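Q: Just one file: coords-v6.csv, with CSV, N, CA, C and O atoms.
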chain,number,residue,atom,x,y,z
A,1,MET,N,105.7,42.0,127.3
A,1,MET,CA,105.2,43.0,126.4
A,1,MET,C,106.1,43.0,125.2
A,1,MET,O,107.3,43.1,125.2
A,2,LYS,N,105.5,42.9,124.0
A,2,LYS,CA,106.3,42.9,122.7
A,2,LYS,C,106.5,44.3,122.2
A,2,LYS,O,105.6,45.1,122.2
A,3,ARG,N,107.7,44.5,121.8
A,3,ARG,CA,108.0,45.9,121.2
A,3,ARG,C,108.3,45.7,119.8
A,3,ARG,O,109.4,45.1,119.4
A,4,GLY,N,107.5,46.1,118.9
A,4,GLY,CA,107.8,46.1,117.4
A,4,GLY,C,107.7,44.7,116.8
A,4,GLY,O,108.1,44.5,115.7
A,5,GLY,N,107.4,43.7,117.6
A,5,GLY,CA,107.2,42.3,117.0
A,5,GLY,C,108.5,41.6,116.7
A,5,GLY,O,108.5,40.6,116.0
A,6,TYR,N,109.6,42.0,117.3
A,6,TYR,CA,110.9,41.4,117.1
A,6,TYR,C,111.2,40.2,118.0
A,6,TYR,O,111.9,39.3,117.8
A,7,GLU,N,110.5,40.2,119.2
A,7,GLU,CA,110.8,39.2,120.2
A,7,GLU,C,110.0,37.9,119.9
A,7,GLU,O,108.9,38.0,119.4
A,8,ASN,N,110.6,36.8,120.3
A,8,ASN,CA,109.8,35.6,120.2
A,8,ASN,C,109.1,35.3,121.5
A,8,ASN,O,109.1,36.2,122.4
A,9,GLU,N,108.5,34.1,121.7
A,9,GLU,CA,107.7,33.9,122.9
A,9,GLU,C,108.6,33.9,124.2
A,9,GLU,O,108.0,34.1,125.3
A,10,ASN,N,109.9,33.8,124.1
A,10,ASN,CA,110.8,33.8,125.2
A,10,ASN,C,111.2,35.2,125.6
A,10,ASN,O,112.0,35.4,126.5
A,11,GLY,N,110.8,36.2,124.7
A,11,GLY,CA,111.2,37.6,125.0
A,11,GLY,C,112.6,37.9,124.4
A,11,GLY,O,113.1,39.0,124.7
A,12,THR,N,113.2,37.0,123.6
A,12,THR,CA,114.5,37.3,123.0
A,12,THR,C,114.3,37.7,121.5
A,12,THR,O,113.3,37.3,120.9
A,13,ILE,N,115.2,38.3,120.9
A,13,ILE,CA,115.1,38.7,119.5
A,13,ILE,C,115.3,37.5,118.7
A,13,ILE,O,116.1,36.6,118.9
A,14,SER,N,114.5,37.3,117.7
A,14,SER,CA,114.5,36.1,116.8
A,14,SER,C,115.8,36.1,116.0
A,14,SER,O,116.5,37.1,115.8
A,15,ASP,N,116.2,34.8,115.7
A,15,ASP,CA,117.4,34.6,114.9
A,15,ASP,C,117.4,35.3,113.6
A,15,ASP,O,118.4,35.8,113.1
A,16,HIS,N,116.2,35.3,112.9
A,16,HIS,CA,116.1,35.9,111.6
A,16,HIS,C,116.4,37.4,111.7
A,16,HIS,O,117.2,37.9,110.8
A,17,LYS,N,115.9,38.1,112.6
A,17,LYS,CA,116.1,39.6,112.7
A,17,LYS,C,117.6,39.8,113.1
A,17,LYS,O,118.2,40.8,112.6
A,18,SER,N,118.1,39.0,113.9
A,18,SER,CA,119.5,39.1,114.4
A,18,SER,C,120.5,38.9,113.2
A,18,SER,O,121.4,39.7,113.0
A,19,ARG,N,120.2,37.9,112.4
A,19,ARG,CA,121.0,37.7,111.2
A,19,ARG,C,120.9,38.8,110.2
A,19,ARG,O,121.9,39.2,109.6
A,20,LEU,N,119.7,39.3,110.0
A,20,LEU,CA,119.4,40.4,109.1
A,20,LEU,C,120.2,41.6,109.5
A,20,LEU,O,120.9,42.3,108.7
A,21,HIS,N,120.2,41.9,110.8
A,21,HIS,CA,120.9,43.1,111.3
A,21,HIS,C,122.4,42.9,111.1
A,21,HIS,O,123.2,43.8,110.8
A,22,SER,N,122.9,41.7,111.3
A,22,SER,CA,124.3,41.4,111.2
A,22,SER,C,124.8,41.6,109.7
A,22,SER,O,125.8,42.2,109.5
A,23,CYS,N,124.0,41.1,108.8
A,23,CYS,CA,124.4,41.2,107.4
A,23,CYS,C,124.4,42.7,107.0
A,23,CYS,O,125.2,43.2,106.2
A,24,TYR,N,123.4,43.5,107.5
A,24,TYR,CA,123.3,44.9,107.2
A,24,TYR,C,124.6,45.6,107.7
A,24,TYR,O,125.2,46.4,107.0
A,25,ALA,N,124.9,45.3,109.0
A,25,ALA,CA,126.1,45.9,109.6
A,25,ALA,C,127.4,45.6,108.8
A,25,ALA,O,128.2,46.5,108.6
A,26,TRP,N,127.6,44.3,108.4
A,26,TRP,CA,128.8,44.0,107.7
A,26,TRP,C,128.8,44.7,106.3
A,26,TRP,O,129.8,45.0,105.8
A,27,GLY,N,127.6,44.8,105.7
A,27,GLY,CA,127.5,45.5,104.4
A,27,GLY,C,127.9,47.0,104.5
A,27,GLY,O,128.6,47.5,103.7
A,28,VAL,N,127.5,47.6,105.6
A,28,VAL,CA,127.9,49.0,105.9
A,28,VAL,C,129.4,49.1,106.1
A,28,VAL,O,130.0,50.0,105.5
A,29,LEU,N,129.9,48.2,106.8
A,29,LEU,CA,131.4,48.2,107.1
A,29,LEU,C,132.1,48.0,105.7
A,29,LEU,O,133.1,48.7,105.5
A,30,ALA,N,131.6,47.1,104.9
A,30,ALA,CA,132.3,46.9,103.6
A,30,ALA,C,132.3,48.1,102.7
A,30,ALA,O,133.3,48.5,102.1
A,31,VAL,N,131.1,48.8,102.7
A,31,VAL,CA,131.0,50.1,101.9
A,31,VAL,C,132.0,51.1,102.4
A,31,VAL,O,132.7,51.8,101.6
A,32,VAL,N,132.1,51.3,103.7
A,32,VAL,CA,133.0,52.2,104.3
A,32,VAL,C,134.5,51.9,104.0
A,32,VAL,O,135.3,52.8,103.6
A,33,VAL,N,134.8,50.6,104.1
A,33,VAL,CA,136.2,50.2,103.9
A,33,VAL,C,136.6,50.4,102.4
A,33,VAL,O,137.6,50.9,102.0
A,34,VAL,N,135.7,50.0,101.5
A,34,VAL,CA,135.9,50.1,100.1
A,34,VAL,C,136.0,51.5,99.7
A,34,VAL,O,136.9,51.9,98.9
A,35,SER,N,135.1,52.4,100.2
A,35,SER,CA,135.1,53.8,99.9
A,35,SER,C,136.4,54.5,100.3
A,35,SER,O,137.0,55.3,99.6
A,36,ALA,N,136.8,54.1,101.6
A,36,ALA,CA,138.1,54.7,102.1
A,36,ALA,C,139.3,54.2,101.2
A,36,ALA,O,140.2,55.0,100.9
A,37,GLY,N,139.3,53.0,100.9
A,37,GLY,CA,140.4,52.5,100.0
A,37,GLY,C,140.4,53.2,98.7
A,37,GLY,O,141.5,53.5,98.1
A,38,PHE,N,139.2,53.4,98.1
A,38,PHE,CA,139.1,54.1,96.8
A,38,PHE,C,139.7,55.5,96.9
A,38,PHE,O,140.4,56.0,96.1
A,39,MET,N,139.3,56.2,98.0
A,39,MET,CA,139.7,57.6,98.2
A,39,MET,C,141.3,57.6,98.4
A,39,MET,O,141.9,58.5,97.9
A,40,ILE,N,141.8,56.6,99.1
A,40,ILE,CA,143.3,56.6,99.3
A,40,ILE,C,144.0,56.3,98.0
A,40,ILE,O,145.0,56.9,97.6
A,41,ALA,N,143.4,55.4,97.2
A,41,ALA,CA,144.1,55.0,96.0
A,41,ALA,C,144.0,56.0,94.9
A,41,ALA,O,144.9,56.2,94.1
A,42,PHE,N,142.8,56.6,94.7
A,42,PHE,CA,142.5,57.5,93.6
A,42,PHE,C,142.3,58.9,93.9
A,42,PHE,O,142.2,59.8,93.1
A,43,GLY,N,142.3,59.3,95.2
A,43,GLY,CA,142.2,60.6,95.6
A,43,GLY,C,140.8,61.1,95.8
A,43,GLY,O,139.9,60.6,95.1
A,44,SER,N,140.5,62.0,96.7
A,44,SER,CA,139.2,62.4,97.0
A,44,SER,C,138.6,63.2,95.9
A,44,SER,O,137.4,63.4,95.9
A,45,GLU,N,139.4,63.7,95.0
A,45,GLU,CA,138.9,64.5,93.9
A,45,GLU,C,138.1,63.7,92.9
A,45,GLU,O,137.4,64.2,92.0
A,46,ASN,N,138.2,62.4,93.0
A,46,ASN,CA,137.5,61.4,92.1
A,46,ASN,C,136.3,60.8,92.7
A,46,ASN,O,135.9,59.7,92.4
A,47,TRP,N,135.7,61.4,93.7
A,47,TRP,CA,134.6,60.9,94.4
A,47,TRP,C,133.4,60.6,93.5
A,47,TRP,O,132.6,59.7,93.7
A,48,GLN,N,133.3,61.4,92.4
A,48,GLN,CA,132.1,61.1,91.5
A,48,GLN,C,132.2,59.7,90.8
A,48,GLN,O,131.2,59.1,90.6
A,49,SER,N,133.5,59.3,90.5
A,49,SER,CA,133.6,58.0,89.9
A,49,SER,C,133.2,56.9,90.9
A,49,SER,O,132.6,55.9,90.5
A,50,MET,N,133.5,57.1,92.2
A,50,MET,CA,133.2,56.1,93.2
A,50,MET,C,131.6,56.0,93.3
A,50,MET,O,131.1,54.9,93.4
A,51,THR,N,131.0,57.1,93.3
A,51,THR,CA,129.5,57.1,93.4
A,51,THR,C,128.9,56.4,92.2
A,51,THR,O,127.9,55.7,92.3
A,52,LEU,N,129.5,56.6,91.0
A,52,LEU,CA,129.0,56.0,89.8
A,52,LEU,C,129.1,54.5,89.9
A,52,LEU,O,128.2,53.7,89.6
A,53,VAL,N,130.3,54.0,90.4
A,53,VAL,CA,130.5,52.6,90.6
A,53,VAL,C,129.5,52.0,91.6
A,53,VAL,O,128.9,50.9,91.4
A,54,LEU,N,129.3,52.7,92.7
A,54,LEU,CA,128.4,52.2,93.7
A,54,LEU,C,127.0,52.2,93.3
A,54,LEU,O,126.1,51.4,93.7
A,55,THR,N,126.6,53.1,92.4
A,55,THR,CA,125.3,53.2,91.8
A,55,THR,C,125.1,52.1,90.8
A,55,THR,O,124.0,51.5,90.8
A,56,LEU,N,126.0,51.7,90.0
A,56,LEU,CA,125.9,50.7,89.0
A,56,LEU,C,126.0,49.3,89.6
A,56,LEU,O,125.6,48.3,88.9
A,57,LEU,N,126.6,49.1,90.7
A,57,LEU,CA,126.9,47.8,91.3
A,57,LEU,C,125.6,47.0,91.4
A,57,LEU,O,125.6,45.8,91.1
A,58,PRO,N,124.5,47.5,91.9
A,58,PRO,CA,123.3,46.7,92.0
A,58,PRO,C,122.7,46.3,90.7
A,58,PRO,O,122.1,45.2,90.5
A,59,ALA,N,122.9,47.1,89.6
A,59,ALA,CA,122.5,46.7,88.3
A,59,ALA,C,123.3,45.6,87.7
A,59,ALA,O,122.7,44.7,87.0
A,60,VAL,N,124.5,45.5,88.1
A,60,VAL,CA,125.4,44.4,87.6
A,60,VAL,C,125.0,43.1,88.3
A,60,VAL,O,125.0,42.0,87.7
A,61,THR,N,124.8,43.2,89.6
A,61,THR,CA,124.5,42.0,90.4
A,61,THR,C,123.0,41.6,90.2
A,61,THR,O,122.5,40.6,90.3
Mind turning this structure into structure tokens?
A:
Amino acid sequence: MKRGGYENENGTISDHKSRLHSCYAWGVLAVVVVSAGFMIAFGSENWQSMTLVLTLLPAVT
């Protein structure tokens, strides 16, 4: 029985979905680490600057 269409014919999760999940998880970890580093370096009172940088980052890339 297939659930959500993620399994291949052997009943295992496909490599593509597994790789996509892994990249997403590493991206979340990177955002958490960078945000924590920003807060340590510049203080939590400057959180607005961090959100501005994170908002503009996709426009730059």
Q: If I take atom O of Leu57 of chain A and atom C of His16 of chain A, how far is one from the other in Å, to one decimal?
A: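 So the answer is 24.1 Å.
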Q: Please measure the separation of atom N of Val60 of chain A and atom C of Leu29 of chain A, giving the value in Å to one decimal.
A: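 About the pair atom N of Val60 of chain A and atom C of Leu29 of chain A: they are 19.3 Å apart.
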Q: Determine the nearest neighbour of Phe38 of chain A from the options A:Leu56, A:Lys17, A:Met50, A:Ala25, counting all atoms listed in the file.
A: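 Checking each candidate against Phe38 of chain A, we get A:Met50 as the closest.
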Q: Could the centre and edge lengths of an axis-aligned box, enclosing all atoms of segment 42-55 of chain A in the file with 3 Å extra on each side, be given in Å to one decimal as AutoDock Vina command-line options?
A:
--center_x 133.4 --center_y 57.7 --center_z 93.3 --size_x 24.8 --size_y 19.6 --size_z 13.4
